[in-house]
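input23.txt follows (compact mmCIF, C-alpha atoms):
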# COMPACT_ATOMS: atom_id res chain seq x y z
CA MET A 1 21.34 -34.88 -12.28
CA GLU A 2 22.47 -31.48 -13.57
CA LYS A 3 23.04 -28.81 -10.96
CA SER A 4 20.77 -25.75 -10.90
CA ILE A 5 22.08 -22.26 -11.64
CA THR A 6 21.58 -21.41 -7.99
CA GLU A 7 23.69 -24.37 -6.87
CA TYR A 8 26.51 -23.40 -9.26
CA PHE A 9 26.56 -19.88 -7.80
CA ARG A 10 26.44 -21.23 -4.26
CA ARG A 11 29.44 -23.47 -4.86
CA PHE A 12 31.37 -20.68 -6.61
CA ARG A 13 30.93 -18.37 -3.60
CA ARG A 14 31.93 -21.14 -1.21
CA THR A 15 35.03 -22.33 -3.07
CA GLY A 16 36.02 -19.52 -5.42
CA ASN A 17 36.48 -22.16 -8.13
CA PRO A 18 35.79 -20.49 -11.53
CA ARG A 19 34.62 -23.86 -12.88
CA PHE A 20 31.34 -23.39 -11.00
CA LEU A 21 30.89 -19.87 -12.37
CA ALA A 22 31.49 -21.22 -15.88
CA GLY A 23 28.90 -23.94 -15.21
CA ALA A 24 26.33 -21.32 -14.20
CA LEU A 25 26.99 -19.28 -17.32
CA ALA A 26 26.82 -22.34 -19.60
CA LEU A 27 23.53 -23.47 -18.07
CA SER A 28 22.09 -19.97 -18.34
CA LEU A 29 22.93 -19.95 -22.05
CA ARG A 30 21.17 -23.29 -22.58
CA GLN A 31 18.08 -22.01 -20.74
CA GLY A 32 18.05 -18.64 -22.51
CA ARG A 33 18.74 -16.81 -19.23
CA PHE A 34 22.15 -15.31 -19.95
CA SER A 35 20.89 -11.71 -19.66
CA GLU A 36 19.50 -12.50 -16.22
CA MET A 37 22.76 -14.10 -15.10
CA ALA A 38 24.81 -11.19 -16.43
CA ARG A 39 22.69 -8.69 -14.51
CA SER A 40 23.04 -10.77 -11.35
CA ALA A 41 26.81 -10.92 -11.82
CA VAL A 42 26.95 -7.13 -12.20
CA MET A 43 24.87 -6.68 -9.05
CA GLU A 44 27.16 -9.12 -7.24
CA LEU A 45 30.24 -7.11 -8.18
CA THR A 46 28.96 -3.54 -7.94
CA THR A 47 26.43 -3.40 -5.09
CA ARG A 48 26.31 -4.11 -1.39
CA PRO A 49 23.39 -4.83 0.91
CA SER A 50 21.55 -1.73 2.11
CA SER A 51 22.10 -0.53 5.65
CA VAL A 52 19.22 -0.45 8.10
CA PRO A 53 18.99 1.37 11.45
CA SER A 54 18.87 -0.57 14.70
CA GLY A 55 15.67 -0.68 16.73
CA GLY A 56 12.75 -0.03 14.41
CA GLY A 57 9.99 -0.21 17.01
CA GLU A 58 7.60 1.97 14.99
CA CYS A 59 8.25 -0.10 11.88
CA ARG A 60 7.14 -3.22 13.71
CA ASN A 61 3.74 -1.56 13.96
CA VAL A 62 3.79 -1.06 10.18
CA ILE A 63 4.32 -4.81 9.73
CA ARG A 64 1.48 -5.58 12.12
CA ARG A 65 -0.86 -3.57 9.91
CA ALA A 66 0.05 -5.63 6.84
CA ASP A 67 -2.17 -8.48 5.69
CA PRO A 68 -1.63 -11.43 8.06
CA TYR A 69 -1.60 -13.72 5.02
CA LEU A 70 1.17 -11.77 3.26
CA GLY A 71 3.53 -14.28 1.68
CA CYS A 72 1.12 -17.23 1.80
CA THR A 73 0.20 -19.62 -1.01
CA PHE A 74 -3.50 -20.37 -1.52
CA THR A 75 -5.52 -23.25 -2.88
CA ARG A 76 -9.06 -22.63 -4.12
CA GLU A 77 -10.42 -23.75 -0.75
CA ASP A 78 -8.02 -21.43 1.09
CA MET A 79 -9.19 -18.45 -0.93
CA ILE A 80 -12.86 -19.19 -0.32
CA ARG A 81 -12.30 -19.70 3.40
CA ARG A 82 -10.06 -16.68 3.94
CA PHE A 83 -11.40 -14.14 1.44
CA GLY A 84 -15.04 -15.07 0.90
CA ASP A 85 -17.50 -16.64 -1.51
CA GLY A 86 -16.38 -14.42 -4.38
CA PHE A 87 -13.80 -17.10 -5.19
CA LEU A 88 -16.37 -19.89 -5.52
CA GLU A 89 -16.38 -19.20 -9.25
CA LEU A 90 -12.81 -20.47 -9.60
CA PRO A 91 -12.80 -23.85 -11.40
CA GLU A 92 -12.25 -27.05 -9.43
CA ASP A 93 -8.96 -27.67 -11.25
CA PHE A 94 -7.47 -24.34 -10.12
CA GLN A 95 -3.98 -25.22 -8.88
CA GLY A 96 -3.32 -22.29 -6.57
CA THR A 97 -1.74 -18.87 -6.38
CA ARG A 98 0.50 -16.73 -4.23
CA TRP A 99 -0.57 -13.64 -2.30
CA SER A 100 1.06 -11.50 -5.01
CA GLY A 101 -1.03 -13.23 -7.68
CA ILE A 102 -4.31 -11.74 -6.40
CA CYS A 103 -5.13 -8.28 -7.76
CA ARG A 104 -8.36 -6.50 -6.82
CA MET A 105 -9.74 -3.90 -9.22
CA GLY A 106 -12.92 -2.48 -7.75
CA ASP A 107 -15.64 -5.12 -8.11
CA LEU A 108 -13.33 -7.33 -10.17
CA THR A 109 -10.40 -9.53 -9.13
CA VAL A 110 -7.61 -10.82 -11.37
CA VAL A 111 -5.91 -14.03 -10.20
CA GLY A 112 -2.72 -15.44 -11.70
CA GLU A 113 -2.24 -19.19 -11.34
CA TYR A 114 1.19 -19.85 -9.90
CA PHE A 115 1.55 -23.54 -10.70
CA GLU A 116 1.74 -25.33 -14.04
CA GLY A 117 -1.72 -24.21 -15.17
CA LYS A 118 -0.41 -20.61 -15.57
CA ARG A 119 -3.87 -19.24 -16.34
CA LEU A 120 -5.25 -15.77 -15.65
CA PHE A 121 -8.74 -15.53 -14.16
CA LEU A 122 -11.06 -12.54 -14.01
CA LEU A 123 -13.65 -12.88 -11.24
CA GLY A 124 -16.64 -10.67 -10.58
CA ASN A 125 -20.32 -10.15 -11.24
CA GLY A 126 -20.98 -13.86 -10.74
CA ARG A 127 -18.66 -15.11 -13.47
CA CYS A 128 -15.14 -16.42 -13.98
CA LEU A 129 -13.32 -15.67 -17.24
CA GLN A 130 -10.32 -17.92 -17.97
CA LEU A 131 -7.44 -16.62 -20.08
CA ARG A 132 -5.09 -19.34 -21.36
CA TRP A 133 -2.71 -17.02 -23.20
CA TYR A 134 0.39 -18.26 -21.33
CA LEU A 135 -0.29 -21.92 -22.07
CA ARG A 136 1.16 -21.30 -25.55
CA GLN A 137 4.51 -20.21 -24.07
CA SER A 138 6.65 -23.16 -23.05
CA ASP A 139 9.26 -21.02 -21.28
CA VAL A 140 6.64 -19.55 -18.94
CA ARG A 141 6.10 -21.92 -16.03
CA HIS A 142 4.38 -19.72 -13.46
CA ILE A 143 2.57 -16.44 -13.11
CA HIS A 144 4.56 -14.77 -10.35
CA SER A 145 2.62 -11.59 -9.59
CA VAL A 146 -0.22 -9.38 -10.80
CA VAL A 147 -0.59 -5.67 -10.00
CA SER A 148 -2.82 -2.96 -11.47
CA LEU A 149 -2.57 0.77 -12.04
CA GLY A 150 -5.84 2.24 -13.29
CA ASN A 151 -7.05 -0.05 -16.06
CA ASP A 152 -3.54 -1.36 -16.72
CA ILE A 153 -2.58 -4.80 -15.38
CA LEU A 154 1.07 -5.82 -15.12
CA VAL A 155 1.78 -9.55 -15.05
CA SER A 156 5.19 -11.00 -14.15
CA THR A 157 6.10 -14.52 -15.25
CA GLY A 158 8.79 -17.14 -14.55
CA ASP A 159 10.88 -19.16 -14.52
CA ALA A 160 12.91 -19.42 -17.72
CA ARG A 161 11.01 -16.47 -19.17
CA LYS A 162 11.15 -13.77 -16.52
CA ALA A 163 8.93 -11.31 -18.36
CA LEU A 164 6.78 -8.32 -17.50
CA ASP A 165 3.62 -8.04 -19.59
CA LEU A 166 1.11 -5.23 -19.95
CA TRP A 167 -2.56 -6.15 -20.06
CA ARG A 168 -5.46 -3.69 -20.11
CA LEU A 169 -9.01 -3.98 -18.88
CA ALA A 170 -11.19 -3.33 -21.93
CA GLY A 171 -14.79 -3.27 -20.76
CA ASP A 172 -14.94 -6.28 -18.50
CA GLU A 173 -12.16 -8.35 -20.08
CA PRO A 174 -8.33 -8.19 -19.79
CA VAL A 175 -6.63 -7.81 -23.17
CA PHE A 176 -2.92 -8.40 -23.76
CA VAL A 177 -1.22 -5.20 -24.97
CA LYS A 178 2.53 -5.84 -25.14
CA ARG A 179 5.56 -7.33 -23.44
CA LEU A 180 7.31 -4.56 -21.54
CA ARG A 181 10.38 -6.58 -20.58
CA LYS A 182 11.58 -9.89 -21.97
CA HIS A 183 14.26 -10.69 -19.39
CA SER A 184 15.07 -10.26 -15.69
CA ALA A 185 11.54 -9.21 -14.77
CA GLY A 186 9.90 -12.24 -13.17
CA PHE A 187 8.99 -10.23 -10.09
CA THR A 188 7.51 -12.33 -7.28
CA GLY A 189 6.47 -9.22 -5.37
CA ALA A 190 4.54 -6.21 -6.62
CA ALA A 191 2.92 -3.31 -4.80
CA LYS A 192 1.17 -0.08 -5.71
CA LEU A 193 1.78 3.07 -3.69
CA GLY A 194 0.17 6.23 -4.97
CA GLY A 195 0.97 6.42 -8.66
CA ARG A 196 4.14 4.33 -8.36
CA LEU A 197 4.65 0.61 -8.86
CA PHE A 198 7.24 -1.27 -6.83
CA PHE A 199 8.58 -4.69 -7.75
CA GLY A 200 10.63 -7.28 -5.82
CA THR A 201 13.01 -9.76 -7.44
CA ASP A 202 12.97 -13.56 -7.24
CA PHE A 203 16.61 -14.65 -7.26
CA SER A 204 17.59 -17.52 -4.96
CA SER A 205 21.05 -17.14 -3.38
CA ARG A 206 21.79 -14.07 -5.48
CA PRO A 207 21.36 -10.32 -4.84
CA ASN A 208 17.75 -9.16 -4.60
CA TRP A 209 16.24 -5.71 -4.61
CA ILE A 210 13.14 -3.54 -4.80
CA GLU A 211 12.92 -1.50 -7.96
CA THR A 212 10.75 1.40 -9.06
CA ASP A 213 11.05 4.12 -11.70
CA GLY A 214 14.32 2.64 -12.94
CA LYS A 215 15.93 2.68 -9.47
CA ARG A 216 17.10 -0.42 -7.59
CA PHE A 217 17.32 -0.69 -3.83
CA PRO A 218 19.23 -3.81 -2.67
CA PHE A 219 17.77 -5.51 0.38
CA PRO A 220 19.57 -5.42 3.75
CA ARG A 221 22.06 -8.16 4.51
CA ALA A 222 19.61 -10.44 6.35
CA CYS A 223 17.58 -11.00 3.17
CA TYR A 224 19.94 -9.81 0.42
CA ARG A 225 20.18 -13.30 -1.08
CA SER A 226 16.58 -14.34 -0.43
CA TYR A 227 13.88 -13.98 -3.06
CA VAL A 228 10.81 -11.81 -2.45
CA GLU A 229 7.78 -13.85 -1.57
CA ALA A 230 5.34 -10.91 -1.40
CA MET A 231 5.14 -7.14 -0.92
CA GLN A 232 2.38 -4.82 0.29
CA ALA A 233 2.00 -1.04 0.51
CA VAL A 234 1.04 0.19 4.00
CA ASP A 235 0.01 3.69 5.16
CA ASP A 236 0.57 5.13 1.67
CA ARG A 237 4.28 5.38 2.45
CA PHE A 238 5.86 2.04 3.33
CA ILE A 239 6.47 -1.19 1.45
CA VAL A 240 6.43 -4.30 3.63
CA ALA A 241 8.35 -7.17 2.03
CA VAL A 242 8.64 -10.84 2.95
CA ASN A 243 11.83 -12.56 1.74
CA ARG A 244 12.60 -16.25 1.90
CA ASP A 245 15.32 -18.63 0.81
CA LYS A 246 13.81 -22.07 0.36
CA LEU A 247 17.28 -23.63 0.16
CA VAL A 248 18.64 -22.18 3.40
CA ASP A 249 17.45 -22.16 7.05
CA LYS A 250 14.44 -24.32 6.14
CA GLY A 251 12.73 -21.41 4.43
CA ARG A 252 13.04 -18.89 7.27
CA LYS A 253 11.19 -15.70 6.39
CA VAL A 254 12.69 -12.24 6.83
CA TRP A 255 10.52 -9.11 6.99
CA SER A 256 11.67 -5.68 5.89
CA VAL A 257 10.13 -2.22 5.67
CA PHE A 258 11.09 0.18 2.88
CA ASP A 259 10.26 3.87 3.32
CA ALA A 260 9.21 4.98 -0.16
CA ALA A 261 9.29 8.69 0.74
CA GLU A 262 12.89 8.51 1.98
CA GLU A 263 13.84 5.68 -0.40
CA LYS A 264 15.57 3.65 2.29
CA TYR A 265 15.04 0.57 4.43
CA VAL A 266 14.00 1.28 8.01
CA TYR A 267 13.59 -2.27 9.36
CA CYS A 268 14.75 -5.79 8.61
CA GLY A 269 14.31 -8.86 10.80
CA GLU A 270 11.81 -11.28 12.24
CA ARG A 271 8.09 -10.62 12.09
CA PRO A 272 7.04 -8.97 15.40
Mind turning this structure into structure tokens?
Amino acid sequence: MEKSITEYFRRFRRTGNPRFLAGALALSLRQGRFSEMARSAVMELTTRPSSVPSGGGECRNVIRRADPYLGCTFTREDMIRRFGDGFLELPEDFQGTRWSGICRMGDLTVVGEYFEGKRLFLLGNGRCLQLRWYLRQSDVRHIHSVVSLGNDILVSTGDARKALDLWRLAGDEPVFVKRLRKHSAGFTGAAKLGGRLFFGTDFSSRPNWIETDGKRFPFPRACYRSYVEAMQAVDDRFIVAVNRDKLVDKGRKVWSVFDAAEEKYVYCGERP
């Protein structure tokens, strides 16, 4: 069985053998992900994990105010049980979503299907509208996250096609507008804070960061190489992020708090 890109990078870091780096690059070319790999290599060479102060007692309170289900994956039954009967309209064959795939817009909710179905759903006013636009794209396997700003809806996809797409709510129906980014944008975390959008990257065993307005903020060392499972804005100032590496430490989750006003991390560690 062919190694994954992540495994090639892991072995290269462990042994320093350039053969594994060449294997990662060759596989990325075959999968059309060379741009993503090149960006990761640049981050590996030019950036370091962000520092974070010790202590962070007040930041633990910020995490406690975040959604207790932040970072979870939901079946249809989970969503009905945890969020209410508004999700009864989801079809029986709905395969599930992540926390970051649920986007509330007033009386409406947009849900991105994470698994192979990769459908978008618009729920509200007693109906469920299915959008199968991504089924025509073979290199899109999942819908990673959905976030809104006004009537604009930004949808991130993965895995081979890590794209960021702009949709717009026209009346009571989402309409595809354009693809904003074709590569290196399969954000698995997305959060809205004021008029700014924050995104978290999804790279396993490679550098990860929060980005906004063209700036990138690498995660602290404890979760630097762990992908973002979900992010949430808290108190109109902080971004709470959950990072996880499914290949290491049996998926141990690391929580961090990013101060958007100061543009720095103020906590990183276990959930209090």
Quiz item: A:Glu229, A:Asp236, A:Asp245, A:Glu263: which is nearest Ser205 in chain A, counting all atoms listed in the file?
Solution: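 Distance minimum relative to Ser205 in chain A lands on A:Asp245.
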I want to know what sits within 10 Å of Leu149 in chain A, based on only C-alpha atoms, with residues of the same chain fewer than 3 positions away left out; could you give that as a short mmCIF file (atom, residue, chain, number, x, y, z; two decimals) with C-alpha atoms, in the frame of the given file?
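Contents of selection-v5.cif, freshly written:
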data_model
loop_
_atom_site.label_atom_id
_atom_site.label_comp_id
_atom_site.auth_asym_id
_atom_site.auth_seq_id
_atom_site.Cartn_x
_atom_site.Cartn_y
_atom_site.Cartn_z
CA MET A 105 -9.74 -3.90 -9.22
CA ASP A 152 -3.54 -1.36 -16.72
CA ILE A 153 -2.58 -4.80 -15.38
CA LEU A 154 1.07 -5.82 -15.12
CA ARG A 168 -5.46 -3.69 -20.11
CA ALA A 191 2.92 -3.31 -4.80
CA LYS A 192 1.17 -0.08 -5.71
CA LEU A 193 1.78 3.07 -3.69
CA GLY A 194 0.17 6.23 -4.97
CA GLY A 195 0.97 6.42 -8.66
CA ARG A 196 4.14 4.33 -8.36
CA LEU A 197 4.65 0.61 -8.86
#
Quiz item: Do you know which residues lie at most 12 Å from (24.7, -24.3, -3.9), with coordinates as in the file and only C-alpha atoms counted, and could you write them as a PyMOL selection string?
Solution: chain A and resi 3-15+20-21+24+204-206+245-248
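Distances here use only C-alpha atoms; by that measure, the residue among A:Glu58, A:Asp235, A:Asp139, A:Asp93 closest to Glu77 in chain A is A:Asp93.
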Practice problem: Please identify all polymer residues lying at most 10 Å from the point (14.5, -5.7, -3.4) (file coordinates), using all atoms listed in the file, and present the result as a ChimeraX atom specification. | Solution: /A:49-50,187,189,198-203,207-212,216-220,223-228,231,241,243,256,258
Cys103 in chain A: which residues within 9 Å, counting all atoms listed in the file, same-chain residues fewer than 2 positions away excluded, as an mmCIF file with C-alpha atoms, in the frame of the given file?
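Final output, around-v7.cif:
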data_model
loop_
_atom_site.group_PDB
_atom_site.id
_atom_site.type_symbol
_atom_site.label_atom_id
_atom_site.label_comp_id
_atom_site.auth_asym_id
_atom_site.auth_seq_id
_atom_site.Cartn_x
_atom_site.Cartn_y
_atom_site.Cartn_z
ATOM 1 C CA TRP A 99 -0.570 -13.640 -2.300
ATOM 2 C CA SER A 100 1.060 -11.500 -5.010
ATOM 3 C CA GLY A 101 -1.030 -13.230 -7.680
ATOM 4 C CA MET A 105 -9.740 -3.900 -9.220
ATOM 5 C CA LEU A 108 -13.330 -7.330 -10.170
ATOM 6 C CA THR A 109 -10.400 -9.530 -9.130
ATOM 7 C CA VAL A 110 -7.610 -10.820 -11.370
ATOM 8 C CA VAL A 111 -5.910 -14.030 -10.200
ATOM 9 C CA GLY A 112 -2.720 -15.440 -11.700
ATOM 10 C CA SER A 145 2.620 -11.590 -9.590
ATOM 11 C CA VAL A 146 -0.220 -9.380 -10.800
ATOM 12 C CA VAL A 147 -0.590 -5.670 -10.000
ATOM 13 C CA SER A 148 -2.820 -2.960 -11.470
ATOM 14 C CA ILE A 153 -2.580 -4.800 -15.380
#
Quiz item: So what do you get for CA of Arg82 in chain A versus CA of Leu123 in chain A, distance-wise?
Solution: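 Calculated distance between CA of Arg82 in chain A and CA of Leu123 in chain A is 16.1 Å.
Atom pair CA of Pro91 in chain A / CA of Ala185 in chain A: separated by 28.6 Å.
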Practice problem: For CA of Glu173 in chain A and CA of Leu122 in chain A, quote the distance in Å rounded to one decimal. | Solution: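 Between CA of Glu173 in chain A and CA of Leu122 in chain A the gap is 7.5 Å.
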Residues of range 163-196 of chain A within 10 Å of range 125-135 of chain A: nearest atom pair and distance (Å, one decimal) for each, counting all atoms listed in the file, sorted by chain and number, as JSON lines?
{"residue": "A:Asp172", "atom": "CA", "partner": "A:Leu129", "partner_atom": "CA", "distance": 9.6}
{"residue": "A:Glu173", "atom": "CA", "partner": "A:Leu129", "partner_atom": "CA", "distance": 7.9}
{"residue": "A:Pro174", "atom": "CA", "partner": "A:Leu131", "partner_atom": "CA", "distance": 8.5}
{"residue": "A:Val175", "atom": "CA", "partner": "A:Leu131", "partner_atom": "CA", "distance": 9.4}
{"residue": "A:Phe176", "atom": "CA", "partner": "A:Trp133", "partner_atom": "CA", "distance": 8.6}
Quiz item: So, counting only C-alpha atoms, which residue among A:Arg64, A:Asp159, A:Pro272, A:Leu169 is closest to Ser28 in chain A?
Solution: A:Asp159
Self-check item: A:Gly214, A:Gly117, A:Gly71, A:Gly186 ranked by distance to Ile102 in chain A, top pick (using only C-alpha atoms)
Solution: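 Looking only at the distances to Ile102 in chain A, the closest residue turns out to be A:Gly71.
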Practice problem: Go through A:Arg60, A:Arg141, A:Arg221, A:Arg119 and flag the residue nearest Arg48 in chain A, using all atoms listed in the file for the distances. | Solution: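 Answer, going by the shortest atom-to-atom distance: A:Arg221.
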Practice problem: Would you kindly return, as a PyMOL selection string, each protein, DNA or RNA residue with an atom no farther than 8 Å from any atom of Lys253 in chain A, considering all atoms listed in the file and excluding same-chain residues fewer than 2 positions away? | Solution: chain A and resi 242-245+251+255+270
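Among the candidates A:Val254, A:Gly158, A:Tyr69, A:Cys59, the residue lying nearest to Arg237 in chain A is A:Cys59 (atoms considered: all atoms listed in the file).
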Edge lengths and centre in Å to one decimal, as lines of an AutoDock Vina configuration file, is what I'm after for the box along x, y and z that holds all listed atoms of range 74-81 of chain A once 8 Å is added on each side.
center_x = -8.2
center_y = -21.1
center_z = -0.4
size_x = 25.4
size_y = 21.3
size_z = 23.5
Filled-in N, CA and C atoms of range 1-32 of chain A, supplied as a PDB file, in the coordinates of the input:
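The resulting file, out.pdb, is shown below:
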ATOM      1  N   MET A   1      22.278 -35.990 -12.050  1.00  0.00           N
ATOM      2  CA  MET A   1      21.340 -34.880 -12.280  1.00  0.00           C
ATOM      3  C   MET A   1      22.127 -33.570 -12.384  1.00  0.00           C
ATOM      4  N   GLU A   2      21.766 -32.738 -13.362  1.00  0.00           N
ATOM      5  CA  GLU A   2      22.470 -31.480 -13.570  1.00  0.00           C
ATOM      6  C   GLU A   2      22.178 -30.516 -12.431  1.00  0.00           C
ATOM      7  N   LYS A   3      23.211 -29.799 -12.004  1.00  0.00           N
ATOM      8  CA  LYS A   3      23.040 -28.810 -10.960  1.00  0.00           C
ATOM      9  C   LYS A   3      22.187 -27.651 -11.463  1.00  0.00           C
ATOM     10  N   SER A   4      21.520 -26.945 -10.543  1.00  0.00           N
ATOM     11  CA  SER A   4      20.770 -25.750 -10.900  1.00  0.00           C
ATOM     12  C   SER A   4      21.731 -24.559 -10.967  1.00  0.00           C
ATOM     13  N   ILE A   5      21.271 -23.475 -11.588  1.00  0.00           N
ATOM     14  CA  ILE A   5      22.080 -22.260 -11.640  1.00  0.00           C
ATOM     15  C   ILE A   5      22.389 -21.771 -10.241  1.00  0.00           C
ATOM     16  N   THR A   6      21.392 -21.840  -9.370  1.00  0.00           N
ATOM     17  CA  THR A   6      21.580 -21.410  -7.990  1.00  0.00           C
ATOM     18  C   THR A   6      22.671 -22.207  -7.297  1.00  0.00           C
ATOM     19  N   GLU A   7      22.685 -23.524  -7.515  1.00  0.00           N
ATOM     20  CA  GLU A   7      23.690 -24.370  -6.870  1.00  0.00           C
ATOM     21  C   GLU A   7      25.089 -24.063  -7.408  1.00  0.00           C
ATOM     22  N   TYR A   8      25.203 -23.787  -8.704  1.00  0.00           N
ATOM     23  CA  TYR A   8      26.510 -23.400  -9.260  1.00  0.00           C
ATOM     24  C   TYR A   8      27.027 -22.134  -8.575  1.00  0.00           C
ATOM     25  N   PHE A   9      26.147 -21.121  -8.438  1.00  0.00           N
ATOM     26  CA  PHE A   9      26.560 -19.880  -7.800  1.00  0.00           C
ATOM     27  C   PHE A   9      26.934 -20.112  -6.341  1.00  0.00           C
ATOM     28  N   ARG A  10      26.169 -20.955  -5.665  1.00  0.00           N
ATOM     29  CA  ARG A  10      26.440 -21.230  -4.260  1.00  0.00           C
ATOM     30  C   ARG A  10      27.838 -21.850  -4.091  1.00  0.00           C
ATOM     31  N   ARG A  11      28.131 -22.808  -4.958  1.00  0.00           N
ATOM     32  CA  ARG A  11      29.440 -23.470  -4.860  1.00  0.00           C
ATOM     33  C   ARG A  11      30.580 -22.534  -5.251  1.00  0.00           C
ATOM     34  N   PHE A  12      30.339 -21.648  -6.219  1.00  0.00           N
ATOM     35  CA  PHE A  12      31.370 -20.680  -6.610  1.00  0.00           C
ATOM     36  C   PHE A  12      31.705 -19.754  -5.446  1.00  0.00           C
ATOM     37  N   ARG A  13      30.666 -19.254  -4.734  1.00  0.00           N
ATOM     38  CA  ARG A  13      30.930 -18.370  -3.600  1.00  0.00           C
ATOM     39  C   ARG A  13      31.651 -19.103  -2.468  1.00  0.00           C
ATOM     40  N   ARG A  14      31.326 -20.380  -2.304  1.00  0.00           N
ATOM     41  CA  ARG A  14      31.930 -21.140  -1.210  1.00  0.00           C
ATOM     42  C   ARG A  14      33.385 -21.494  -1.482  1.00  0.00           C
ATOM     43  N   THR A  15      33.698 -21.816  -2.746  1.00  0.00           N
ATOM     44  CA  THR A  15      35.030 -22.330  -3.070  1.00  0.00           C
ATOM     45  C   THR A  15      35.899 -21.350  -3.859  1.00  0.00           C
ATOM     46  N   GLY A  16      35.256 -20.407  -4.552  1.00  0.00           N
ATOM     47  CA  GLY A  16      36.020 -19.520  -5.420  1.00  0.00           C
ATOM     48  C   GLY A  16      36.485 -20.176  -6.692  1.00  0.00           C
ATOM     49  N   ASN A  17      36.052 -21.414  -6.949  1.00  0.00           N
ATOM     50  CA  ASN A  17      36.480 -22.160  -8.130  1.00  0.00           C
ATOM     51  C   ASN A  17      35.742 -21.625  -9.364  1.00  0.00           C
ATOM     52  N   PRO A  18      36.451 -21.066 -10.349  1.00  0.00           N
ATOM     53  CA  PRO A  18      35.790 -20.490 -11.530  1.00  0.00           C
ATOM     54  C   PRO A  18      35.039 -21.530 -12.365  1.00  0.00           C
ATOM     55  N   ARG A  19      35.332 -22.816 -12.142  1.00  0.00           N
ATOM     56  CA  ARG A  19      34.620 -23.860 -12.880  1.00  0.00           C
ATOM     57  C   ARG A  19      33.120 -23.795 -12.595  1.00  0.00           C
ATOM     58  N   PHE A  20      32.760 -23.463 -11.346  1.00  0.00           N
ATOM     59  CA  PHE A  20      31.340 -23.390 -11.000  1.00  0.00           C
ATOM     60  C   PHE A  20      30.687 -22.157 -11.625  1.00  0.00           C
ATOM     61  N   LEU A  21      31.419 -21.056 -11.705  1.00  0.00           N
ATOM     62  CA  LEU A  21      30.890 -19.870 -12.370  1.00  0.00           C
ATOM     63  C   LEU A  21      30.678 -20.148 -13.854  1.00  0.00           C
ATOM     64  N   ALA A  22      31.634 -20.860 -14.467  1.00  0.00           N
ATOM     65  CA  ALA A  22      31.490 -21.220 -15.880  1.00  0.00           C
ATOM     66  C   ALA A  22      30.283 -22.138 -16.079  1.00  0.00           C
ATOM     67  N   GLY A  23      30.059 -23.052 -15.119  1.00  0.00           N
ATOM     68  CA  GLY A  23      28.900 -23.940 -15.210  1.00  0.00           C
ATOM     69  C   GLY A  23      27.601 -23.160 -15.152  1.00  0.00           C
ATOM     70  N   ALA A  24      27.538 -22.143 -14.288  1.00  0.00           N
ATOM     71  CA  ALA A  24      26.330 -21.320 -14.200  1.00  0.00           C
ATOM     72  C   ALA A  24      26.082 -20.566 -15.494  1.00  0.00           C
ATOM     73  N   LEU A  25      27.135 -20.025 -16.074  1.00  0.00           N
ATOM     74  CA  LEU A  25      26.990 -19.280 -17.320  1.00  0.00           C
ATOM     75  C   LEU A  25      26.573 -20.195 -18.469  1.00  0.00           C
ATOM     76  N   ALA A  26      27.167 -21.397 -18.524  1.00  0.00           N
ATOM     77  CA  ALA A  26      26.820 -22.340 -19.600  1.00  0.00           C
ATOM     78  C   ALA A  26      25.359 -22.769 -19.483  1.00  0.00           C
ATOM     79  N   LEU A  27      24.911 -23.050 -18.258  1.00  0.00           N
ATOM     80  CA  LEU A  27      23.530 -23.470 -18.070  1.00  0.00           C
ATOM     81  C   LEU A  27      22.562 -22.331 -18.391  1.00  0.00           C
ATOM     82  N   SER A  28      22.949 -21.109 -18.031  1.00  0.00           N
ATOM     83  CA  SER A  28      22.090 -19.970 -18.340  1.00  0.00           C
ATOM     84  C   SER A  28      21.942 -19.766 -19.843  1.00  0.00           C
ATOM     85  N   LEU A  29      23.014 -20.040 -20.600  1.00  0.00           N
ATOM     86  CA  LEU A  29      22.930 -19.950 -22.050  1.00  0.00           C
ATOM     87  C   LEU A  29      21.973 -20.984 -22.608  1.00  0.00           C
ATOM     88  N   ARG A  30      22.054 -22.224 -22.096  1.00  0.00           N
ATOM     89  CA  ARG A  30      21.170 -23.290 -22.580  1.00  0.00           C
ATOM     90  C   ARG A  30      19.712 -22.981 -22.276  1.00  0.00           C
ATOM     91  N   GLN A  31      19.450 -22.314 -21.146  1.00  0.00           N
ATOM     92  CA  GLN A  31      18.080 -22.010 -20.740  1.00  0.00           C
ATOM     93  C   GLN A  31      17.607 -20.646 -21.232  1.00  0.00           C
ATOM     94  N   GLY A  32      18.426 -19.957 -21.997  1.00  0.00           N
ATOM     95  CA  GLY A  32      18.050 -18.640 -22.510  1.00  0.00           C
ATOM     96  C   GLY A  32      17.972 -17.584 -21.422  1.00  0.00           C
TER      97      GLY A  32
END
